[in-house]
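Visitor: Below you'll find query-v4.txt; it's compact mmCIF, N, CA and C atoms and all ligand atoms.
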```txt
# COMPACT_ATOMS: atom_id res chain seq x y z
N MET P 64 30.16 32.76 4.36
CA MET P 64 30.51 33.12 2.98
C MET P 64 31.78 32.38 2.55
N GLU P 65 31.79 31.99 1.28
CA GLU P 65 32.95 31.27 0.74
C GLU P 65 34.03 32.25 0.28
N CYS P 66 35.29 31.92 0.58
CA CYS P 66 36.40 32.77 0.17
C CYS P 66 36.63 32.65 -1.33
N LEU P 67 36.74 33.79 -2.01
CA LEU P 67 36.93 33.79 -3.47
C LEU P 67 38.32 33.30 -3.84
N LEU P 68 39.24 33.36 -2.88
CA LEU P 68 40.63 33.01 -3.16
C LEU P 68 40.89 31.51 -2.94
N CYS P 69 40.54 31.01 -1.74
CA CYS P 69 40.87 29.62 -1.40
C CYS P 69 39.65 28.69 -1.42
N ARG P 70 38.46 29.28 -1.69
CA ARG P 70 37.21 28.49 -1.82
C ARG P 70 36.79 27.78 -0.54
N VAL P 71 37.33 28.21 0.61
CA VAL P 71 36.94 27.60 1.87
C VAL P 71 35.84 28.46 2.51
N GLN P 72 34.89 27.81 3.14
CA GLN P 72 33.74 28.48 3.76
C GLN P 72 34.12 29.04 5.14
N LYS P 73 35.09 29.96 5.15
CA LYS P 73 35.60 30.43 6.43
C LYS P 73 35.67 31.96 6.52
N VAL P 74 34.89 32.66 5.70
CA VAL P 74 34.91 34.13 5.75
C VAL P 74 33.98 34.62 6.85
N GLU P 75 34.54 35.31 7.82
CA GLU P 75 33.72 35.80 8.93
C GLU P 75 34.16 37.18 9.39
N ILE P 76 33.31 37.83 10.18
CA ILE P 76 33.63 39.17 10.68
C ILE P 76 34.62 39.08 11.82
N LYS P 77 35.70 39.85 11.69
CA LYS P 77 36.70 39.90 12.75
C LYS P 77 37.12 41.34 12.98
N THR P 78 37.62 41.62 14.17
CA THR P 78 38.16 42.95 14.44
C THR P 78 39.66 42.91 14.18
N LEU P 79 40.07 43.63 13.14
CA LEU P 79 41.48 43.64 12.77
C LEU P 79 42.02 45.06 12.81
N ASP P 80 43.30 45.19 13.12
CA ASP P 80 43.94 46.50 13.09
C ASP P 80 44.24 46.91 11.65
N MET P 81 43.63 47.98 11.20
CA MET P 81 43.94 48.53 9.89
C MET P 81 45.15 49.43 10.05
N GLN P 82 46.12 49.32 9.15
CA GLN P 82 47.29 50.19 9.22
C GLN P 82 47.06 51.38 8.31
N ILE P 83 46.90 52.55 8.91
CA ILE P 83 46.66 53.75 8.11
C ILE P 83 47.87 54.67 8.21
N GLU P 84 48.42 55.03 7.06
CA GLU P 84 49.60 55.89 7.03
C GLU P 84 49.21 57.35 7.06
N VAL P 85 49.88 58.08 7.95
CA VAL P 85 49.68 59.53 8.03
C VAL P 85 51.07 60.13 7.98
N GLY P 86 51.45 60.64 6.83
CA GLY P 86 52.82 61.11 6.64
C GLY P 86 53.77 59.93 6.80
N ARG P 87 54.72 60.04 7.72
CA ARG P 87 55.64 58.92 7.96
C ARG P 87 55.19 58.07 9.13
N ASP P 88 54.03 58.41 9.71
CA ASP P 88 53.51 57.64 10.83
C ASP P 88 52.51 56.59 10.36
N ILE P 89 52.36 55.56 11.18
CA ILE P 89 51.36 54.54 10.91
C ILE P 89 50.44 54.46 12.12
N VAL P 90 49.13 54.57 11.86
CA VAL P 90 48.16 54.49 12.95
C VAL P 90 47.38 53.19 12.78
N LEU P 91 47.29 52.41 13.85
CA LEU P 91 46.50 51.18 13.83
C LEU P 91 45.08 51.51 14.24
N VAL P 92 44.13 51.16 13.39
CA VAL P 92 42.73 51.43 13.70
C VAL P 92 41.97 50.11 13.70
N PRO P 93 41.52 49.64 14.90
CA PRO P 93 40.76 48.39 14.95
C PRO P 93 39.41 48.57 14.24
N MET P 94 39.09 47.61 13.36
CA MET P 94 37.85 47.75 12.58
C MET P 94 37.27 46.36 12.30
N ASN P 95 35.94 46.28 12.31
CA ASN P 95 35.27 45.02 11.97
C ASN P 95 35.25 44.86 10.46
N ILE P 96 35.91 43.82 9.96
CA ILE P 96 35.85 43.56 8.53
C ILE P 96 35.70 42.06 8.28
N MET P 97 35.31 41.72 7.05
CA MET P 97 35.17 40.32 6.66
C MET P 97 36.55 39.80 6.29
N VAL P 98 36.92 38.66 6.90
CA VAL P 98 38.24 38.10 6.62
C VAL P 98 38.16 36.57 6.57
N CYS P 99 38.93 35.98 5.70
CA CYS P 99 38.97 34.52 5.59
C CYS P 99 39.93 33.99 6.65
N SER P 100 39.43 33.15 7.57
CA SER P 100 40.33 32.65 8.61
C SER P 100 41.19 31.51 8.11
N ASN P 101 40.99 31.08 6.87
CA ASN P 101 41.86 30.06 6.28
C ASN P 101 43.09 30.69 5.63
N CYS P 102 42.88 31.67 4.72
CA CYS P 102 44.02 32.23 4.00
C CYS P 102 44.33 33.68 4.37
N GLY P 103 43.45 34.31 5.13
CA GLY P 103 43.73 35.67 5.58
C GLY P 103 43.27 36.77 4.63
N GLU P 104 42.67 36.39 3.49
CA GLU P 104 42.18 37.39 2.54
C GLU P 104 41.12 38.28 3.21
N ARG P 105 41.26 39.60 2.99
CA ARG P 105 40.30 40.54 3.57
C ARG P 105 39.33 41.02 2.50
N TYR P 106 38.08 41.16 2.89
CA TYR P 106 37.05 41.65 1.97
C TYR P 106 36.51 42.98 2.45
N TYR P 107 36.88 44.04 1.74
CA TYR P 107 36.42 45.37 2.12
C TYR P 107 35.18 45.73 1.31
N ASN P 108 34.14 46.19 2.00
CA ASN P 108 32.98 46.69 1.26
C ASN P 108 33.06 48.22 1.17
N THR P 109 32.09 48.79 0.48
CA THR P 109 32.08 50.25 0.27
C THR P 109 32.09 50.99 1.60
N GLU P 110 31.32 50.46 2.56
CA GLU P 110 31.22 51.08 3.88
C GLU P 110 32.60 51.12 4.57
N ASN P 111 33.33 50.00 4.48
CA ASN P 111 34.69 49.93 5.05
C ASN P 111 35.58 51.00 4.42
N MET P 112 35.57 51.07 3.06
CA MET P 112 36.44 51.99 2.33
C MET P 112 36.12 53.44 2.67
N MET P 113 34.82 53.75 2.77
CA MET P 113 34.41 55.11 3.10
C MET P 113 34.86 55.49 4.50
N LYS P 114 34.72 54.52 5.42
CA LYS P 114 35.12 54.76 6.81
C LYS P 114 36.63 55.00 6.89
N ILE P 115 37.40 54.21 6.15
CA ILE P 115 38.85 54.35 6.15
C ILE P 115 39.26 55.73 5.63
N GLU P 116 38.61 56.19 4.55
CA GLU P 116 38.90 57.53 4.01
C GLU P 116 38.57 58.62 5.02
N GLU P 117 37.42 58.43 5.71
CA GLU P 117 36.99 59.39 6.73
C GLU P 117 38.01 59.45 7.87
N ILE P 118 38.46 58.28 8.31
CA ILE P 118 39.44 58.21 9.40
C ILE P 118 40.77 58.83 8.97
N LYS P 119 41.19 58.57 7.71
CA LYS P 119 42.43 59.15 7.18
C LYS P 119 42.41 60.67 7.28
N SER P 120 41.32 61.28 6.85
CA SER P 120 41.29 62.74 6.87
C SER P 120 41.21 63.27 8.30
N LYS P 121 40.51 62.54 9.18
CA LYS P 121 40.47 62.96 10.59
C LYS P 121 41.84 62.86 11.24
N LEU P 122 42.58 61.81 10.87
CA LEU P 122 43.93 61.65 11.43
C LEU P 122 44.85 62.77 10.96
N LYS P 123 44.72 63.14 9.66
CA LYS P 123 45.54 64.22 9.11
C LYS P 123 45.28 65.52 9.86
N ASN P 124 44.02 65.74 10.24
CA ASN P 124 43.65 66.96 10.97
C ASN P 124 43.79 66.80 12.48
N ARG P 125 44.36 65.67 12.89
CA ARG P 125 44.55 65.36 14.30
C ARG P 125 43.26 65.44 15.12
N GLU P 126 42.19 64.91 14.54
CA GLU P 126 40.89 64.96 15.21
C GLU P 126 40.55 63.65 15.92
N LEU P 127 41.46 62.68 15.87
CA LEU P 127 41.18 61.40 16.53
C LEU P 127 42.15 61.18 17.68
N ASP P 128 41.65 60.57 18.75
CA ASP P 128 42.49 60.24 19.89
C ASP P 128 43.34 59.01 19.56
N VAL P 129 44.64 59.17 19.61
CA VAL P 129 45.53 58.02 19.40
C VAL P 129 46.53 57.94 20.54
N ILE P 130 46.97 56.73 20.81
CA ILE P 130 48.01 56.54 21.82
C ILE P 130 49.20 55.84 21.16
N GLU P 131 50.39 56.07 21.70
CA GLU P 131 51.57 55.43 21.15
C GLU P 131 51.66 53.99 21.67
N VAL P 132 51.77 53.03 20.75
CA VAL P 132 51.82 51.63 21.17
C VAL P 132 53.15 50.96 20.81
N GLY P 133 54.02 51.68 20.16
CA GLY P 133 55.30 51.09 19.78
C GLY P 133 56.13 52.13 19.06
N LYS P 134 57.28 51.72 18.62
CA LYS P 134 58.14 52.64 17.91
C LYS P 134 58.49 52.04 16.56
N VAL P 135 58.72 52.90 15.60
CA VAL P 135 59.23 52.45 14.31
C VAL P 135 60.68 52.87 14.27
N MET P 136 61.56 51.90 14.06
CA MET P 136 62.98 52.21 14.02
C MET P 136 63.56 51.81 12.67
N ARG P 137 64.70 52.40 12.34
CA ARG P 137 65.31 52.13 11.04
C ARG P 137 66.79 51.89 11.25
N TYR P 138 67.31 50.84 10.65
CA TYR P 138 68.73 50.53 10.74
C TYR P 138 69.51 51.63 10.02
N LYS P 139 70.58 52.10 10.69
CA LYS P 139 71.31 53.27 10.22
C LYS P 139 72.00 53.12 8.88
N TYR P 140 72.45 51.88 8.59
CA TYR P 140 73.30 51.71 7.42
C TYR P 140 72.60 50.90 6.33
N PRO P 141 72.61 51.39 5.10
CA PRO P 141 71.98 50.63 4.02
C PRO P 141 72.74 49.32 3.78
N ILE P 142 72.01 48.26 3.55
CA ILE P 142 72.64 46.96 3.31
C ILE P 142 72.84 46.79 1.81
N LYS P 143 74.08 46.60 1.43
CA LYS P 143 74.39 46.51 -0.01
C LYS P 143 74.83 45.12 -0.39
N PHE P 144 74.56 44.76 -1.64
CA PHE P 144 74.95 43.45 -2.16
C PHE P 144 75.84 43.63 -3.38
N ASP P 145 76.92 42.87 -3.41
CA ASP P 145 77.88 42.98 -4.51
C ASP P 145 77.21 42.74 -5.88
N ALA P 146 76.25 41.83 -5.90
CA ALA P 146 75.61 41.45 -7.16
C ALA P 146 74.92 42.63 -7.85
N PHE P 147 74.54 43.65 -7.06
CA PHE P 147 73.80 44.79 -7.62
C PHE P 147 74.72 45.90 -8.11
N SER P 148 76.05 45.79 -7.80
CA SER P 148 76.91 46.92 -8.14
C SER P 148 77.56 46.75 -9.52
ZN ZN J 1 40.50 32.15 1.94
```
Using structure tokens, write down the structure that the file contains.
Guide:
Amino acid sequence: MECLLCRVQKVEIKTLDMQIEVGRDIVLVPMNIMVCSNCGERYYNTENMMKIEEIKSKLKNRELDVIEVGKVMRYKYPIKFDAFS
């Protein structure tokens, strides 16, 4: 399939980690989706979107098995710029 964005014939099925937010947490869910290997544009179909919604609600109800793969950290001090004050 041709990419609608870059017009290159490089759209193929790949397994990519979808980032799904649950409150302040982010859960990576590997999913087969159509993606352009030239520009990275992702093409979600109705089935993908429905599955993502289904997974979101299951995650909210803690019905899916997840493992911790990393940490999200935040720098303690806000970075300020004189130009904005
Ligand atoms: Zn493309």
Visitor: Name the closest residue to ligand ZN 1 (chain J) among the candidates P:Arg125, P:Lys73, P:Arg87, P:Lys143; distances are taken between atoms, counting only C-alpha atoms and all ligand atoms.
Guide: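 Using only C-alpha atoms and all ligand atoms, ligand ZN 1 (chain J) sits closest to P:Lys73.
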Visitor: Can I get the residues of chain P within 7 Å of ligand ZN 1 (chain J), each with the closest pair of atoms and their distance in Å to one decimal, using only C-alpha atoms and all ligand atoms, sorted chain first then ascending number, as a tab-separated table?
Guide:
```
residue	atom	partner	partner_atom	distance
P:Cys66	CA	J:ZN1	ZN	4.5
P:Leu67	CA	J:ZN1	ZN	6.7
P:Leu68	CA	J:ZN1	ZN	5.2
P:Cys69	CA	J:ZN1	ZN	4.2
P:Arg70	CA	J:ZN1	ZN	6.2
P:Val71	CA	J:ZN1	ZN	5.8
P:Lys73	CA	J:ZN1	ZN	6.9
P:Cys99	CA	J:ZN1	ZN	4.6
P:Ser100	CA	J:ZN1	ZN	6.7
P:Asn101	CA	J:ZN1	ZN	5.0
P:Cys102	CA	J:ZN1	ZN	4.1
P:Gly103	CA	J:ZN1	ZN	6.0
P:Glu104	CA	J:ZN1	ZN	5.5
```
Visitor: Next, write the just-selected residues to a file, as a short mmCIF file (atom, residue, chain, number, x, y, z; two decimals), keeping the file's coordinate frame, keeping N, CA and C atoms as the atom set.
Guide:
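Contents of again-v9.cif, as written:
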```
data_model
loop_
_atom_site.label_atom_id
_atom_site.label_comp_id
_atom_site.auth_asym_id
_atom_site.auth_seq_id
_atom_site.Cartn_x
_atom_site.Cartn_y
_atom_site.Cartn_z
N CYS P 66 35.29 31.92 0.58
CA CYS P 66 36.40 32.77 0.17
C CYS P 66 36.63 32.65 -1.33
N LEU P 67 36.74 33.79 -2.01
CA LEU P 67 36.93 33.79 -3.47
C LEU P 67 38.32 33.30 -3.84
N LEU P 68 39.24 33.36 -2.88
CA LEU P 68 40.63 33.01 -3.16
C LEU P 68 40.89 31.51 -2.94
N CYS P 69 40.54 31.01 -1.74
CA CYS P 69 40.87 29.62 -1.40
C CYS P 69 39.65 28.69 -1.42
N ARG P 70 38.46 29.28 -1.69
CA ARG P 70 37.21 28.49 -1.82
C ARG P 70 36.79 27.78 -0.54
N VAL P 71 37.33 28.21 0.61
CA VAL P 71 36.94 27.60 1.87
C VAL P 71 35.84 28.46 2.51
N LYS P 73 35.09 29.96 5.15
CA LYS P 73 35.60 30.43 6.43
C LYS P 73 35.67 31.96 6.52
N CYS P 99 38.93 35.98 5.70
CA CYS P 99 38.97 34.52 5.59
C CYS P 99 39.93 33.99 6.65
N SER P 100 39.43 33.15 7.57
CA SER P 100 40.33 32.65 8.61
C SER P 100 41.19 31.51 8.11
N ASN P 101 40.99 31.08 6.87
CA ASN P 101 41.86 30.06 6.28
C ASN P 101 43.09 30.69 5.63
N CYS P 102 42.88 31.67 4.72
CA CYS P 102 44.02 32.23 4.00
C CYS P 102 44.33 33.68 4.37
N GLY P 103 43.45 34.31 5.13
CA GLY P 103 43.73 35.67 5.58
C GLY P 103 43.27 36.77 4.63
N GLU P 104 42.67 36.39 3.49
CA GLU P 104 42.18 37.39 2.54
C GLU P 104 41.12 38.28 3.21
#
```
Visitor: Quote the spacing between atom CA of Ile76 of chain P and atom CA of Val129 of chain P in Å to one decimal place.
Guide: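 So the two atoms, atom CA of Ile76 of chain P and atom CA of Val129 of chain P, lie 23.9 Å apart.
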Visitor: Output as a PyMOL selection string all residues of segment 89-127 of chain P that backbone DSSP marks as strand (DSSP E or B).
Guide: chain P and resi 89-99+105-106
Visitor: One number please: atom CA of Met64 of chain P to atom CA of Met94 of chain P, in Å, one decimal.
Guide: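 Pair atom CA of Met64 of chain P / atom CA of Met94 of chain P returns 19.0 Å.
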Visitor: Under the rule that all atoms listed in the file are counted, which of P:Leu122, P:Leu127, P:Ala146, P:Ile96 is the nearest residue to Glu75 of chain P?
Guide: P:Ile96
Visitor: Could you give me, as an MDAnalysis selection string, the residues within 10 Å of Ile115 of chain P, counting only C-alpha atoms and dropping anything in the same chain fewer than 2 positions from it?
Guide: chainID P and resid 81:83 92 94 109:113 117:121
Visitor: Could you please write out, as number ranges by chain, every residue of segment 68-146 of chain P that DSSP assigns to alpha helix (DSSP H)?
Guide: P: 109-123
Visitor: Hey, can you check how far atom CA of Val85 of chain P sits from atom N of Lys123 of chain P?
Guide: 6.3 Å
